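start_20.cif follows (mmCIF, C-alpha atoms and all ligand atoms):
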data_input
loop_
_atom_site.label_atom_id
_atom_site.label_comp_id
_atom_site.auth_asym_id
_atom_site.auth_seq_id
_atom_site.Cartn_x
_atom_site.Cartn_y
_atom_site.Cartn_z
CA MET A 30 120.18 122.00 91.79
CA PRO A 31 121.79 121.33 95.18
CA THR A 32 124.48 118.77 95.88
CA ILE A 33 123.31 116.26 98.47
CA GLU A 34 125.57 114.67 101.03
CA VAL A 35 125.22 112.58 104.16
CA ILE A 36 126.92 113.57 107.40
CA ARG A 37 127.07 111.27 110.39
CA GLY A 38 126.91 113.65 113.32
CA ASP A 39 124.89 116.10 115.37
CA ILE A 40 122.90 118.66 113.40
CA THR A 41 123.38 121.28 116.15
CA THR A 42 127.11 121.45 115.37
CA GLN A 43 126.74 121.92 111.61
CA THR A 44 128.28 125.11 110.26
CA VAL A 45 125.71 125.74 107.55
CA ASP A 46 123.49 128.73 106.82
CA ALA A 47 120.36 126.97 108.10
CA ILE A 48 119.59 123.82 110.03
CA VAL A 49 116.13 122.29 109.84
CA ASN A 50 114.36 121.29 113.03
CA ALA A 51 111.85 118.42 113.12
CA ALA A 52 109.31 120.36 115.17
CA SER A 53 105.82 119.67 116.50
CA PRO A 54 102.83 121.70 115.24
CA GLN A 55 103.08 123.77 118.46
CA VAL A 56 106.75 124.65 117.70
CA ARG A 57 107.55 124.91 121.39
CA GLY A 58 110.47 122.43 121.58
CA GLY A 59 110.24 118.77 122.46
CA GLY A 60 112.40 115.66 122.46
CA GLY A 61 114.60 114.19 119.74
CA VAL A 62 116.33 116.63 117.44
CA ASP A 63 113.89 119.38 118.53
CA GLY A 64 115.15 119.04 122.08
CA ALA A 65 118.78 118.91 120.97
CA ILE A 66 118.40 122.10 118.90
CA HIS A 67 116.68 124.02 121.69
CA ARG A 68 119.29 122.91 124.23
CA ALA A 69 122.15 123.99 121.96
CA ALA A 70 120.50 127.24 120.83
CA GLY A 71 119.60 128.38 124.32
CA PRO A 72 116.34 129.76 125.78
CA GLY A 73 116.15 132.60 123.28
CA LEU A 74 115.07 130.11 120.59
CA LEU A 75 111.89 129.16 122.44
CA GLN A 76 111.14 132.83 123.07
CA GLU A 77 111.47 133.58 119.34
CA CYS A 78 109.27 130.56 118.45
CA ILE A 79 106.55 131.90 120.75
CA GLU A 80 106.78 135.32 119.10
CA ARG A 81 107.02 134.14 115.49
CA PHE A 82 104.63 131.19 115.69
CA PRO A 83 101.90 132.18 118.18
CA GLU A 84 99.55 129.66 116.55
CA GLY A 85 102.29 127.11 115.78
CA LEU A 86 102.67 125.73 112.24
CA ALA A 87 100.62 123.42 110.03
CA VAL A 88 101.75 119.85 109.40
CA GLY A 89 103.94 120.04 106.29
CA GLY A 90 104.67 123.70 106.98
CA ALA A 91 107.99 125.38 107.77
CA GLY A 92 108.95 128.67 109.40
CA TRP A 93 112.30 130.25 110.28
CA THR A 94 113.88 131.81 113.33
CA THR A 95 117.41 133.01 113.96
CA ALA A 96 119.79 130.43 115.41
CA HIS A 97 120.84 132.06 118.71
CA ASP A 98 123.81 130.11 120.19
CA LEU A 99 124.01 127.63 117.29
CA PRO A 100 126.81 127.93 114.67
CA ALA A 101 124.19 128.18 111.90
CA SER A 102 122.53 131.50 111.00
CA TRP A 103 118.93 130.29 110.96
CA VAL A 104 116.77 127.43 112.22
CA ILE A 105 113.98 126.36 109.88
CA HIS A 106 111.28 124.64 111.93
CA ALA A 107 109.48 122.02 109.81
CA VAL A 108 106.51 119.98 110.98
CA GLY A 109 106.45 116.43 109.66
CA PRO A 110 103.40 114.14 109.78
CA VAL A 111 102.97 111.39 112.35
CA TYR A 112 103.12 108.00 110.65
CA GLY A 113 99.62 106.52 110.41
CA ARG A 114 98.02 109.97 110.89
CA GLY A 115 99.53 112.37 108.37
CA SER A 116 100.16 111.89 104.64
CA ARG A 117 103.34 111.31 102.67
CA GLU A 118 102.57 114.54 100.79
CA GLN A 119 102.85 116.42 104.09
CA LEU A 120 106.29 114.90 104.65
CA VAL A 121 107.38 115.89 101.12
CA ASP A 122 105.95 119.37 101.77
CA ALA A 123 107.92 119.70 105.02
CA TYR A 124 111.15 119.40 103.01
CA ALA A 125 109.96 121.51 100.06
CA ASN A 126 108.66 124.30 102.35
CA SER A 127 111.89 124.25 104.37
CA LEU A 128 113.85 124.89 101.16
CA ARG A 129 111.39 127.63 100.14
CA ARG A 130 112.09 129.35 103.48
CA ALA A 131 115.82 128.85 102.83
CA ASP A 132 115.48 130.49 99.40
CA GLU A 133 113.58 133.42 100.96
CA LEU A 134 116.46 133.84 103.41
CA GLY A 135 119.12 133.52 100.73
CA ALA A 136 120.58 130.50 102.54
CA GLU A 137 123.01 128.51 100.40
CA THR A 138 123.71 125.53 102.66
CA VAL A 139 121.00 123.64 104.56
CA ALA A 140 121.21 120.63 106.92
CA PHE A 141 118.21 118.34 107.42
CA PRO A 142 117.54 115.69 110.04
CA LEU A 143 115.39 112.82 108.84
CA ILE A 144 112.03 114.44 109.52
CA SER A 145 109.33 112.17 111.03
CA ALA A 146 111.74 109.20 111.14
CA GLY A 147 112.06 109.28 114.95
CA ILE A 148 109.27 109.88 117.45
CA TYR A 149 106.79 110.29 114.58
CA GLY A 150 107.59 106.75 113.48
CA TRP A 151 107.89 107.13 109.70
CA PRO A 152 109.53 104.07 108.08
CA ARG A 153 113.15 104.88 107.36
CA ASP A 154 113.45 104.20 103.61
CA ASP A 155 110.25 106.05 102.77
CA ALA A 156 111.28 108.96 105.01
CA ILE A 157 114.52 109.20 103.03
CA HIS A 158 112.78 109.11 99.62
CA ALA A 159 110.16 111.62 100.78
CA GLY A 160 113.09 113.91 101.61
CA PHE A 161 114.52 113.40 98.12
CA ASP A 162 111.10 114.09 96.57
CA GLY A 163 110.72 117.28 98.63
CA ILE A 164 114.13 118.55 97.49
CA ALA A 165 113.24 117.80 93.84
CA ALA A 166 109.76 119.36 94.11
CA SER A 167 111.09 122.57 95.71
CA GLY A 168 113.16 123.72 92.70
CA THR A 169 115.39 125.30 95.33
CA ARG A 170 118.38 127.57 94.62
CA VAL A 171 120.18 126.21 97.69
CA ARG A 172 123.68 125.04 96.70
CA GLU A 173 124.27 122.27 99.25
CA VAL A 174 121.88 120.03 101.18
CA ARG A 175 123.16 117.81 103.99
CA PHE A 176 121.30 114.93 105.60
CA VAL A 177 122.68 114.75 109.15
CA THR A 178 122.12 111.79 111.42
CA PRO A 179 123.94 110.54 114.53
CA HIS A 180 123.20 106.92 113.60
CA GLU A 181 125.67 104.95 111.45
CA GLU A 182 123.04 102.62 110.02
CA MET A 183 120.81 105.58 109.12
CA ALA A 184 123.76 107.28 107.39
CA ARG A 185 124.43 104.09 105.42
CA ALA A 186 120.74 103.82 104.47
CA ILE A 187 120.74 107.38 103.11
CA GLU A 188 124.00 106.74 101.20
CA SER A 189 122.50 103.58 99.69
CA ALA A 190 119.31 105.43 98.72
CA LEU A 191 121.43 108.15 97.07
CA TRP A 192 123.24 105.46 95.04
CA ARG A 193 119.91 104.06 93.80
CA VAL A 194 118.14 107.35 93.19
CA THR A 195 119.46 108.00 89.65
CA PRO A 196 118.05 104.68 88.34
CA LEU A 197 114.83 105.34 90.29
CA ARG A 198 114.42 108.81 88.72
CA ILE A 199 114.89 107.30 85.21
CA LEU A 200 112.20 104.69 85.93
CA GLN A 201 109.91 107.44 87.31
CA GLY A 202 110.65 109.52 84.19
CA ALA A 203 109.47 106.63 82.00
CA ARG A 204 106.22 106.54 84.00
CA VAL A 205 105.77 110.27 83.35
CA LEU A 206 106.20 109.56 79.62
CA HIS A 207 103.42 106.96 79.86
CA GLU A 208 101.24 109.55 81.63
CA ARG A 209 101.95 111.94 78.74
CA GLY A 210 100.67 109.31 76.25
CA PHE A 211 104.00 107.75 75.23
CA GLU A 212 102.94 104.29 76.39
CA GLN A 213 105.23 102.66 73.83
CA VAL A 214 108.23 103.47 76.05
CA ARG A 215 109.55 100.18 77.44
CA ILE A 216 112.38 99.27 79.82
CA LEU A 217 114.72 96.29 80.09
CA PRO A 218 116.65 96.38 83.42
CA GLY A 219 119.16 93.93 84.82
CA MET A 220 122.59 93.26 86.30
CA SER A 221 125.91 93.36 84.45
CA PRO A 222 127.75 90.01 84.19
CA SER A 223 130.05 91.08 87.02
CA GLY A 224 126.98 91.70 89.19
CA MET A 225 128.52 95.07 89.96
CA TYR A 226 126.31 97.33 87.92
CA TRP A 227 122.59 97.71 87.28
CA ARG A 228 121.81 98.40 83.67
CA LEU A 229 118.77 99.80 81.90
CA GLU A 230 117.78 99.89 78.25
CA LEU A 231 114.91 102.24 77.55
CA SER A 232 113.29 101.81 74.15
CA VAL A 233 110.42 102.91 71.97
CA GLY A 234 108.99 101.01 69.00
CA SER A 235 111.83 102.01 66.71
CA GLY A 236 114.62 100.94 69.10
CA ASP A 237 116.67 101.96 72.10
CA ILE A 238 116.73 105.62 73.08
CA LEU A 239 118.78 105.21 76.25
CA GLY A 240 121.35 102.82 77.63
CA TYR A 241 122.26 103.51 81.26
CA THR A 242 124.50 101.74 83.80
CA THR A 243 125.05 102.67 87.42
CA GLY A 244 128.72 102.55 86.48
CA THR A 245 128.27 106.06 85.04
CA GLY A 246 126.85 107.38 88.33
CA SER A 247 124.38 110.24 87.97
CA ARG A 248 125.16 111.10 84.31
CA VAL A 249 122.25 110.06 82.09
CA ALA A 250 122.93 110.83 78.42
CA GLY A 251 124.48 114.15 79.35
CA LEU A 252 122.04 115.14 82.09
CA ASP A 253 122.99 115.01 85.78
CA VAL A 254 120.13 113.07 87.39
CA THR A 255 120.17 113.14 91.18
CA ALA A 256 117.68 113.05 94.07
CA ALA A 257 117.06 116.76 93.34
CA THR A 258 115.95 116.03 89.75
CA THR A 259 112.20 115.72 89.18
CA PRO A 260 110.84 112.76 87.19
CA GLU A 261 109.25 115.36 84.89
CA ALA A 262 112.69 116.80 84.07
CA VAL A 263 113.94 113.26 83.32
CA ALA A 264 110.93 112.69 81.02
CA ASP A 265 111.69 115.96 79.20
CA HIS A 266 115.32 114.84 78.75
CA LEU A 267 114.34 111.38 77.49
CA LEU A 268 112.15 113.02 74.85
CA THR A 269 115.13 115.00 73.58
CA LEU A 270 116.83 111.64 72.90
CA SER A 271 114.02 110.66 70.54
CA PRO A 272 113.10 113.84 68.64
CA GLY A 273 109.70 113.82 67.01
CA LEU A 274 108.50 110.80 69.00
CA ALA A 275 104.71 110.65 68.68
CA PRO A 276 102.54 109.37 71.56
CA ALA A 277 101.35 105.80 71.06
CA ALA A 278 98.88 103.83 73.18
CA ASP A 279 99.78 100.58 74.92
CA PRO A 280 97.44 100.52 77.94
CA GLY A 281 98.32 96.95 78.89
CA TYR A 282 102.00 97.78 79.23
CA ALA A 283 101.33 101.10 80.98
CA GLN A 284 99.15 99.34 83.58
CA TRP A 285 101.79 96.64 84.09
CA TYR A 286 104.44 99.36 84.49
CA ARG A 287 102.41 101.26 87.08
CA GLU A 288 102.14 98.07 89.15
CA LEU A 289 105.88 97.41 88.76
CA MET A 290 106.71 100.95 89.89
CA SER A 291 104.48 100.86 92.96
CA LEU A 292 106.47 97.81 94.15
CA VAL A 293 109.80 99.43 93.18
CA GLU A 294 108.96 102.53 95.23
CA GLU A 295 107.39 100.61 98.13
CA ARG A 296 110.46 98.37 98.47
CA ALA A 297 112.98 101.03 97.37
CA ALA A 298 114.49 98.31 95.17
CA LEU A 299 115.34 98.18 91.45
CA PRO A 300 113.65 95.79 89.00
CA ILE A 301 115.67 92.94 87.43
CA ALA A 302 114.73 91.24 84.17
CA PHE A 303 118.12 89.67 83.46
CA ALA A 304 121.32 88.69 85.26
CA ASP A 305 123.74 85.77 85.13
CA TYR A 306 122.12 82.60 86.55
CA PHE A 307 118.80 84.46 86.67
CA ASP A 308 115.65 82.41 86.07
CA ALA A 309 113.57 84.87 84.05
CA SER A 310 110.77 82.32 83.59
CA ALA A 311 109.54 83.19 87.08
CA GLY A 312 109.07 86.82 86.04
CA TRP A 313 110.96 89.99 86.96
CA GLU A 314 112.48 90.46 90.42
CA ILE A 315 112.12 93.58 92.59
CA GLY A 316 115.54 93.88 94.13
CA TRP A 317 118.18 91.42 92.90
CA GLY A 318 118.01 88.30 95.04
CA SER A 319 114.93 89.48 96.97
CA GLY A 320 112.77 86.62 95.71
CA VAL A 321 109.96 89.17 95.14
CA ARG A 322 108.72 88.50 91.61
CA VAL A 323 106.24 90.21 89.30
CA PRO A 324 104.96 88.78 86.01
CA ALA A 325 107.02 89.69 82.94
CA PRO A 326 105.51 92.55 80.89
CA PRO A 327 102.79 91.84 78.32
CA GLU A 328 104.18 91.28 74.83
N1 LIG A 401 121.15 115.54 114.97
C1 LIG A 401 120.62 114.95 113.87
N2 LIG A 401 119.60 114.09 113.92
C2 LIG A 401 119.09 113.79 115.13
C3 LIG A 401 119.59 114.37 116.33
C4 LIG A 401 120.66 115.28 116.21
N3 LIG A 401 121.19 115.88 117.28
N4 LIG A 401 118.87 113.87 117.38
C5 LIG A 401 117.97 113.01 116.85
N5 LIG A 401 118.11 112.95 115.50
C6 LIG A 401 117.36 112.16 114.53
C7 LIG A 401 116.55 111.02 115.07
O1 LIG A 401 117.38 109.90 115.32
C8 LIG A 401 115.61 110.78 113.89
O2 LIG A 401 116.25 109.97 112.92
O3 LIG A 401 116.39 113.00 113.92
C9 LIG A 401 115.41 112.18 113.32
C10 LIG A 401 114.04 112.77 113.62
O4 LIG A 401 113.60 112.25 114.85
P1 LIG A 401 112.78 113.13 115.92
O5 LIG A 401 113.67 114.16 116.49
O6 LIG A 401 112.13 112.16 116.84
O7 LIG A 401 111.70 113.91 115.04
P2 LIG A 401 110.31 113.36 114.44
O8 LIG A 401 110.32 111.89 114.23
O9 LIG A 401 110.06 114.27 113.28
O10 LIG A 401 109.27 113.69 115.61
C11 LIG A 401 109.00 115.05 115.86
O11 LIG A 401 109.42 114.80 118.19
O12 LIG A 401 110.93 115.98 119.40
C12 LIG A 401 109.60 115.89 119.09
O13 LIG A 401 108.83 118.14 119.24
C13 LIG A 401 109.15 117.11 118.34
O14 LIG A 401 106.85 116.48 118.44
C14 LIG A 401 107.97 116.54 117.60
C15 LIG A 401 108.41 115.13 117.26
#
Starting from the coordinates I provided, produce the structure as structure tokens.
Amino acid sequence: MPTIEVIRGDITTQTVDAIVNAASPQVRGGGGVDGAIHRAAGPGLLQECIERFPEGLAVGGAGWTTAHDLPASWVIHAVGPVYGRGSREQLVDAYANSLRRADELGAETVAFPLISAGIYGWPRDDAIHAGFDGIAASGTRVREVRFVTPHEEMARAIESALWRVTPLRILQGARVLHERGFEQVRILPGMSPSGMYWRLELSVGSGDILGYTTGTGSRVAGLDVTAATTPEAVADHLLTLSPGLAPAADPGYAQWYRELMSLVEERAALPIAFADYFDASAGWEIGWGSGVRVPAPPE
């Protein structure tokens, strides 16, 4: 599972095995990071793209070339979807296929721009989480993934998303357990009295099986849960904390939870059921202090 870090800078200067280019389906250069990479690599890159990709690449696809005058060894050209035209799955695939190409090349370090988040207009937070989902889905052997952006606020947004991704993966893991028939799995999330840490208690009928606080970072009952961890792997881990748990139906709760999670993912914000000076009678809040409320879960 790769480490993931954020670099504020220019992807063309990264000394990694492979840099990923946010290309067009024609893979013949362009503006944005595509233009920057072709300028830095020199004219040989375009020539190789014409030879290797005579028909271009599909949206969501990825293909590699050598890196010519760039410090990296390879350029992986990935085609993201245009917001409003392509699908989120294609954006996730663009990351996952880039890492599959990297694995085929034996690359150990890979730098990504935020694919589709520029000219293709994809909303920033969802572009970031689609990148995380693509890394998790790829099962890559790459050791280190970098998100590289020249923009300070983009770098901060990726850092903030990385801070929230462990809680998000636990919540997504609980949804996977519901999908597997363990609808009795319930959550109780909220803020610590200091307001510093987000906490989660995850329980089944017989009692708590997990207590988590963001104070422990990405460690979740002994498992390292990061952006590169799939919700399915989290669900598997949660089941090891409650050996012999039998599936139990609670369709009302499972439906409520699906609705909660679609808001959590849409707003990239964590649910709050308790906090100091928190008025729980108005329901749960999506993002502490956001004012966005959902009804409390069914009893
Ligand atoms: N290093 C890292 N990131 C960069 C760089 C750079 N040198 N230059 C731009 N970016 C960032 C942009 O700020 C944006 O956040 O890369 C992200 C992706 O933006 P675009 O390059 O516009 O790529 P995308 O939104 O995927 O659109 C692809 O643009 O350049 C054309 O040919 C390309 O048609 C394709 C389309």
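Take CA of Val194 (chain A) and CA of Val104 (chain A): the distance between them is 27.7 Å.
The space between CA of Ala297 (chain A) and CA of Val111 (chain A) spans 20.8 Å.
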Next on the checklist: Using all atoms listed in the file, which residues have at least one atom no more than 10 Å from ligand LIG 401 (chain A)? Output them as a ChimeraX atom specification.
Outcome noted: /A:36-43,48-66,69,107-112,120,140-153,156,176-180,183-184
Checklist entry - What's the 12 Å shell around Ser167 (chain A), counting all atoms listed in the file, without same-chain residues fewer than 2 positions away, as a list in words? => result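 Here the qualifying residues turn out to be Met30, Pro31, Val121, Asp122, Ala123, Tyr124, Ala125, Asn126, Ser127, Leu128, Arg129, Arg130, Ala131, Asp132, Gly160, Phe161, Asp162, Gly163, Ile164, Ala165, Thr169, Arg170, Val171, Ala256, Ala257, Thr258 and Thr259 of chain A.
Counting only C-alpha atoms, the residue from A:Leu289, A:Val233, A:Leu217, A:Ile157 that sits nearest to Glu188 (chain A) is A:Ile157.
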Next on the checklist: Can you tell me which residues surround Leu74 (chain A) at a distance of at most 10 Å, considering all atoms listed in the file, apart from same-chain residues fewer than 2 positions away, and format the answer as a PyMOL selection string?
Outcome noted: chain A and resi 57-58+66-72+76-80+94-99+104
Any chance you could tabulate, as a Markdown table, the residues of region 110-225 of chain A at most 12 Å from region 320-328 of chain A with each one's nearest atom pair and distance in Å to one decimal, using only C-alpha atoms, in chain and rising number order?
| residue | atom | partner | partner_atom | distance |
| --- | --- | --- | --- | --- |
| A:Gln213 | CA | A:Glu328 | CA | 11.5 |
| A:Arg215 | CA | A:Pro326 | CA | 9.3 |
| A:Ile216 | CA | A:Pro326 | CA | 9.7 |
| A:Leu217 | CA | A:Pro326 | CA | 10.0 |
| A:Pro218 | CA | A:Ala325 | CA | 11.7 |
